file coords-v2.pdb (PDB, C-alpha atoms)
ATOM      1  CA  MET A   1      22.684  -3.872  -6.059
ATOM      2  CA  GLY A   2      22.990  -6.592  -3.479
ATOM      3  CA  LEU A   3      25.369  -4.564  -1.335
ATOM      4  CA  THR A   4      24.834  -4.221   2.386
ATOM      5  CA  GLY A   5      26.499  -2.195   5.069
ATOM      6  CA  PRO A   6      27.340   1.482   5.341
ATOM      7  CA  ILE A   7      30.419   1.424   3.087
ATOM      8  CA  ALA A   8      29.837  -1.600   0.843
ATOM      9  CA  GLY A   9      29.128   0.443  -2.292
ATOM     10  CA  GLU A  10      31.735   3.154  -1.903
ATOM     11  CA  ASP A  11      33.849   1.797  -4.785
ATOM     12  CA  ASN A  12      30.925   2.166  -7.178
ATOM     13  CA  SER A  13      30.985   5.264  -9.402
ATOM     14  CA  THR A  14      27.240   5.732  -8.918
ATOM     15  CA  TYR A  15      27.800   6.072  -5.187
ATOM     16  CA  LEU A  16      30.430   8.745  -5.742
ATOM     17  CA  GLY A  17      28.317  10.599  -8.302
ATOM     18  CA  GLY A  18      25.248  10.481  -6.056
ATOM     19  CA  THR A  19      27.221  11.754  -3.093
ATOM     20  CA  ILE A  20      28.521  14.709  -5.089
ATOM     21  CA  PHE A  21      25.075  15.474  -6.527
ATOM     22  CA  PHE A  22      23.279  15.476  -3.182
ATOM     23  CA  ASP A  23      26.078  17.469  -1.543
ATOM     24  CA  HIS A  24      25.721  20.176  -4.222
ATOM     25  CA  TYR A  25      21.928  20.020  -3.915
ATOM     26  CA  GLU A  26      22.037  20.597  -0.151
ATOM     27  CA  LYS A  27      24.458  23.500  -0.588
ATOM     28  CA  ARG A  28      22.190  25.120  -3.226
ATOM     29  CA  GLU A  29      19.162  24.810  -0.945
ATOM     30  CA  LYS A  30      21.062  26.356   1.967
ATOM     31  CA  GLU A  31      22.206  29.200  -0.288
ATOM     32  CA  LYS A  32      18.618  29.863  -1.359
ATOM     33  CA  LEU A  33      17.504  29.993   2.254
ATOM     34  CA  LYS A  34      20.401  32.244   3.226
ATOM     35  CA  TYR A  35      19.500  34.866   0.619
ATOM     36  CA  MET A  36      15.763  34.718   1.327
ATOM     37  CA  LYS A  37      14.269  37.379   3.482
ATOM     38  CA  PRO A  38      13.185  36.137   6.923
ATOM     39  CA  LYS A  39       9.579  36.908   6.010
ATOM     40  CA  ASP A  40       9.819  34.758   2.859
ATOM     41  CA  ARG A  41      11.440  31.916   4.794
ATOM     42  CA  LYS A  42       8.605  31.953   7.303
ATOM     43  CA  ARG A  43       5.976  32.110   4.544
ATOM     44  CA  LYS A  44       7.539  29.122   2.787
ATOM     45  CA  ALA A  45       7.520  27.081   5.999
ATOM     46  CA  VAL A  46       3.878  28.008   6.663
ATOM     47  CA  GLU A  47       2.884  27.037   3.109
ATOM     48  CA  GLN A  48       4.550  23.647   3.470
ATOM     49  CA  LYS A  49       2.784  23.113   6.777
ATOM     50  CA  GLU A  50      -0.585  24.052   5.245
ATOM     51  CA  VAL A  51      -0.115  21.613   2.373
ATOM     52  CA  LYS A  52       0.738  18.832   4.799
ATOM     53  CA  THR A  53      -2.281  19.650   7.011
ATOM     54  CA  LYS A  54      -4.623  19.758   4.012
ATOM     55  CA  ARG A  55      -3.320  16.425   2.767
ATOM     56  CA  SER A  56      -3.872  14.791   6.175
ATOM     57  CA  LYS A  57      -7.427  16.222   6.375
ATOM     58  CA  ASP A  58      -8.166  14.895   2.881
ATOM     59  CA  GLY A  59      -6.774  11.511   3.896
ATOM     60  CA  ALA A  60      -8.909  11.358   7.049
ATOM     61  CA  GLU A  61     -11.999  12.257   5.035
ATOM     62  CA  LEU A  62     -11.140   9.631   2.417
ATOM     63  CA  LEU A  63     -10.794   6.951   5.105
ATOM     64  CA  LYS A  64     -14.166   7.941   6.549
ATOM     65  CA  ARG A  65     -15.866   7.757   3.137
ATOM     66  CA  ILE A  66     -14.263   4.381   2.392
ATOM     67  CA  GLU A  67     -15.459   3.001   5.718
ATOM     68  CA  GLU A  68     -19.061   3.995   4.939
ATOM     69  CA  VAL A  69     -19.180   2.060   1.639
ATOM     70  CA  GLU A  70     -21.190  -1.175   1.656
ATOM     71  CA  LEU A  71     -19.999  -3.974  -0.590
ATOM     72  CA  PRO A  72     -22.716  -5.778  -2.568
ATOM     73  CA  ASP A  73     -21.159  -9.264  -2.252
ATOM     74  CA  MET A  74     -20.701  -9.177   1.550
ATOM     75  CA  ASP A  75     -22.048 -12.234   3.418
ATOM     76  CA  ASP A  76     -24.256 -12.100   6.499
ATOM     77  CA  ASP A  77     -21.243 -12.649   8.738
ATOM     78  CA  GLY A  78     -19.367  -9.722   7.130
ATOM     79  CA  THR A  79     -16.949 -11.741   4.994
ATOM     80  CA  VAL A  80     -16.189 -11.125   1.348
ATOM     81  CA  PRO A  81     -14.637 -13.563  -1.144
ATOM     82  CA  VAL A  82     -11.104 -12.394  -1.983
ATOM     83  CA  PHE A  83     -10.264 -12.165  -5.684
ATOM     84  CA  ASP A  84      -6.845 -10.457  -5.549
ATOM     85  CA  ASP A  85      -3.732 -12.443  -4.703
ATOM     86  CA  CYS A  86      -1.355 -11.415  -1.904
ATOM     87  CA  ASP A  87       1.169  -9.829  -4.266
ATOM     88  CA  GLU A  88      -1.523  -7.577  -5.739
ATOM     89  CA  ILE A  89      -2.640  -6.492  -2.252
ATOM     90  CA  ARG A  90       0.989  -5.714  -1.331
ATOM     91  CA  LYS A  91       1.311  -3.511  -4.426
ATOM     92  CA  LYS A  92      -1.890  -1.666  -3.532
ATOM     93  CA  ILE A  93      -0.762  -1.117   0.062
ATOM     94  CA  ASN A  94       2.646   0.207  -1.061
ATOM     95  CA  TYR A  95       1.038   2.564  -3.571
ATOM     96  CA  PHE A  96      -1.609   3.831  -1.132
ATOM     97  CA  LEU A  97       0.884   4.482   1.663
ATOM     98  CA  GLY A  98       3.339   5.995  -0.823
ATOM     99  CA  GLU A  99       0.795   8.660  -1.815
ATOM    100  CA  GLY A 100       1.286  10.142   1.651
ATOM    101  CA  MET A 101      -2.370  11.012   2.241
ATOM    102  CA  VAL A 102      -2.577   8.935   5.411
ATOM    103  CA  THR A 103      -0.094   7.615   7.906
ATOM    104  CA  LYS A 104       0.536   3.935   8.342
ATOM    105  CA  ALA A 105      -1.146   4.091  11.764
ATOM    106  CA  ALA A 106      -4.291   5.660  10.288
ATOM    107  CA  PHE A 107      -4.332   3.012   7.562
ATOM    108  CA  LEU A 108      -4.086   0.239  10.158
ATOM    109  CA  ARG A 109      -6.952   1.795  12.141
ATOM    110  CA  ALA A 110      -9.023   1.890   8.949
ATOM    111  CA  LEU A 111      -8.341  -1.807   8.452
ATOM    112  CA  GLY A 112      -9.868  -2.464  11.856
ATOM    113  CA  ASP A 113      -7.113  -1.798  14.387
ATOM    114  CA  VAL A 114      -4.718  -4.260  12.798
ATOM    115  CA  ASN A 115      -1.385  -4.660  14.558
ATOM    116  CA  SER A 116       1.601  -3.064  12.828
ATOM    117  CA  ASN A 117       3.553  -6.310  13.281
ATOM    118  CA  SER A 118       0.938  -8.093  11.170
ATOM    119  CA  LEU A 119       1.347  -5.522   8.408
ATOM    120  CA  ARG A 120       5.144  -5.771   8.542
ATOM    121  CA  SER A 121       5.120  -9.573   8.409
ATOM    122  CA  PHE A 122       2.611  -9.548   5.527
ATOM    123  CA  MET A 123       4.640  -7.027   3.538
ATOM    124  CA  ASN A 124       7.879  -8.966   4.104
ATOM    125  CA  LEU A 125       6.500 -12.182   2.571
ATOM    126  CA  ARG A 126       7.688 -12.022  -1.027
ATOM    127  CA  CYS A 127       7.677 -15.631  -2.094
ATOM    128  CA  GLY A 128       4.481 -15.971  -4.093
ATOM    129  CA  ALA A 129       0.919 -15.003  -4.796
ATOM    130  CA  ASN A 130      -0.473 -17.048  -1.898
ATOM    131  CA  SER A 131       2.172 -16.226   0.700
ATOM    132  CA  GLY A 132       0.470 -14.364   3.510
ATOM    133  CA  ALA A 133      -3.079 -15.489   2.746
ATOM    134  CA  SER A 134      -3.669 -16.479   6.374
ATOM    135  CA  ASN A 135      -2.602 -13.034   7.629
ATOM    136  CA  VAL A 136      -5.442 -10.760   8.779
ATOM    137  CA  VAL A 137      -3.996  -7.894   6.724
ATOM    138  CA  TYR A 138      -4.713  -9.789   3.484
ATOM    139  CA  ARG A 139      -8.452 -10.057   4.125
ATOM    140  CA  THR A 140      -8.963  -6.625   5.660
ATOM    141  CA  ALA A 141      -6.842  -4.803   3.075
ATOM    142  CA  TYR A 142      -8.725  -6.522   0.263
ATOM    143  CA  VAL A 143     -12.035  -5.295   1.705
ATOM    144  CA  PHE A 144     -10.556  -1.806   2.152
ATOM    145  CA  PHE A 145      -9.321  -1.553  -1.436
ATOM    146  CA  GLU A 146     -12.523  -3.075  -2.800
ATOM    147  CA  LYS A 147     -14.515  -0.388  -0.964
ATOM    148  CA  LYS A 148     -12.115   2.225  -2.328
ATOM    149  CA  ARG A 149     -12.646   0.902  -5.865
ATOM    150  CA  VAL A 150     -16.438   1.052  -5.454
ATOM    151  CA  LEU A 151     -16.246   4.565  -3.976
ATOM    152  CA  GLU A 152     -14.145   5.815  -6.881
ATOM    153  CA  GLY A 153     -16.441   4.118  -9.410
ATOM    154  CA  LYS A 154     -13.625   2.175 -11.057
ATOM    155  CA  GLU A 155     -14.226  -0.993 -13.040
ATOM    156  CA  LYS A 156     -12.789  -4.352 -12.064
ATOM    157  CA  SER A 157      -9.364  -4.996 -13.570
ATOM    158  CA  VAL A 158      -8.778  -7.671 -16.204
ATOM    159  CA  LYS A 159      -6.667  -9.650 -13.722
ATOM    160  CA  ARG A 160      -9.444  -9.434 -11.145
ATOM    161  CA  LEU A 161     -12.055 -10.711 -13.635
ATOM    162  CA  ALA A 162      -9.743 -13.585 -14.604
ATOM    163  CA  ASN A 163      -9.313 -14.475 -10.911
ATOM    164  CA  GLU A 164     -13.096 -14.472 -10.454
ATOM    165  CA  ASP A 165     -13.452 -16.935 -13.328
ATOM    166  CA  LEU A 166     -10.582 -19.140 -12.159
ATOM    167  CA  GLN A 167     -11.255 -19.163  -8.401
ATOM    168  CA  GLY A 168     -15.045 -19.373  -8.551
ATOM    169  CA  PRO A 169     -17.479 -17.771  -6.126
ATOM    170  CA  ASP A 170     -15.360 -18.545  -3.038
ATOM    171  CA  GLY A 171     -12.306 -16.589  -4.185
ATOM    172  CA  PHE A 172      -8.753 -17.314  -3.121
ATOM    173  CA  PRO A 173      -8.232 -19.671  -0.176
ATOM    174  CA  LEU A 174      -7.471 -17.760   3.014
ATOM    175  CA  ASP A 175      -4.673 -20.000   4.212
ATOM    176  CA  ASN A 176      -1.118 -20.820   3.174
ATOM    177  CA  SER A 177      -1.886 -24.343   2.112
ATOM    178  CA  PRO A 178      -0.174 -25.956  -0.861
ATOM    179  CA  ASN A 179      -1.521 -25.662  -4.387
ATOM    180  CA  TRP A 180      -3.999 -28.518  -4.033
ATOM    181  CA  HIS A 181      -6.833 -25.945  -3.794
ATOM    182  CA  PHE A 182      -6.004 -24.710  -7.264
ATOM    183  CA  ILE A 183      -5.577 -28.207  -8.685
ATOM    184  CA  ASP A 184      -8.830 -29.355  -7.060
ATOM    185  CA  LYS A 185     -10.741 -26.421  -8.549
ATOM    186  CA  VAL A 186      -9.298 -26.995 -12.007
ATOM    187  CA  LEU A 187      -9.975 -30.757 -11.974
ATOM    188  CA  ASN A 188     -13.436 -30.577 -10.408
ATOM    189  CA  GLY A 189     -14.561 -27.371 -12.094
ATOM    190  CA  TYR A 190     -14.955 -25.168  -8.990
TER
END
call {"tool": "encode", "arguments": {"input": "coords-v2.pdb", "output": "structure tokens"}}
result
Amino acid sequence: MGLTGPIAGEDNSTYLGGTIFFDHYEKREKEKLKYMKPKDRKRKAVEQKEVKTKRSKDGAELLKRIEEVELPDMDDDGTVPVFDDCDEIRKKINYFLGEGMVTKAAFLRALGDVNSNSLRSFMNLRCGANSGASNVVYRTAYVFFEKKRVLEGKEKSVKRLANEDLQGPDGFPLDNSPNWHFIDKVLNGY
């Protein structure tokens, strides 16, 4: 919408319609709770708490299993060539955190105790496929999602295979340098 501020969109009919809808929705939910028996209210709260606890346990177990996976193309020093661009890694991070299985703090611990400021700065860079390549989140998140892919037994995506062919065995450059890396690889054939 391009509108900022607390009252910038109040003249829009969508704003008015949304306000009315959510007001009615809240009233309906309160009415449901009012007419529920106290026992039912308590049971509903306990069920919601159980679902949330189960989801967090599943997420912790998933992180543990991902951490145990060994990648076949890992070097002796523990590095892996990166074949997904920064935008693709951002999409994967948003999707994974949006599932709600793990908290952002648990995800950062799984990446190797990465600072939350690094994640925020990486996610805020939206100006291209190579923007954020020098950020530690790019490398560690790629390894994390590659381990997750191997654990789940998924095949490499078409885009990933194309990047492997285009970038060669070294993968994407891990710095924010200009496009001369790409031009050099195209002209000299990797």
call {"tool": "resolve_selection", "arguments": {"input": "coords-v2.pdb", "expression": "the PyMOL selection byres ((chain A and resi 72) around 12)", "output": "PyMOL selection string"}}
result
chain A and resi 69-71+73-76+78-81+143+146-147+150
call {"tool": "closest_residue", "arguments": {"input": "coords-v2.pdb", "among": "A:Tyr15, A:Phe21, A:Phe122, A:Tyr138", "to": "A:Asp84", "atoms": "only C-alpha atoms"}}
result
A:Tyr138
call {"tool": "atom_distance", "arguments": {"input": "coords-v2.pdb", "atom1": "atom CA of A:Asn115", "atom2": "atom CA of A:Gly59"}}
result
20.1 Å
call {"tool": "atom_distance", "arguments": {"input": "coords-v2.pdb", "atom1": "atom CA of A:Val102", "atom2": "atom CA of A:Ile66"}}
result
12.9 Å
call {"tool": "atom_distance", "arguments": {"input": "coords-v2.pdb", "atom1": "atom CA of A:Lys49", "atom2": "atom CA of A:Lys37"}}
result
18.6 Å
call {"tool": "resolve_selection", "arguments": {"input": "coords-v2.pdb", "expression": "the PyMOL selection byres ((chain A and resi 91) around 12)", "output": "ChimeraX atom specification"}}
result
/A:84-90,92-98,122-123,126,129,138,141-142,145
call {"tool": "closest_residue", "arguments": {"input": "coords-v2.pdb", "among": "A:Met101, A:Arg139, A:Arg149, A:His24", "to": "A:Thr53", "atoms": "all atoms listed in the file"}}
result
A:Met101
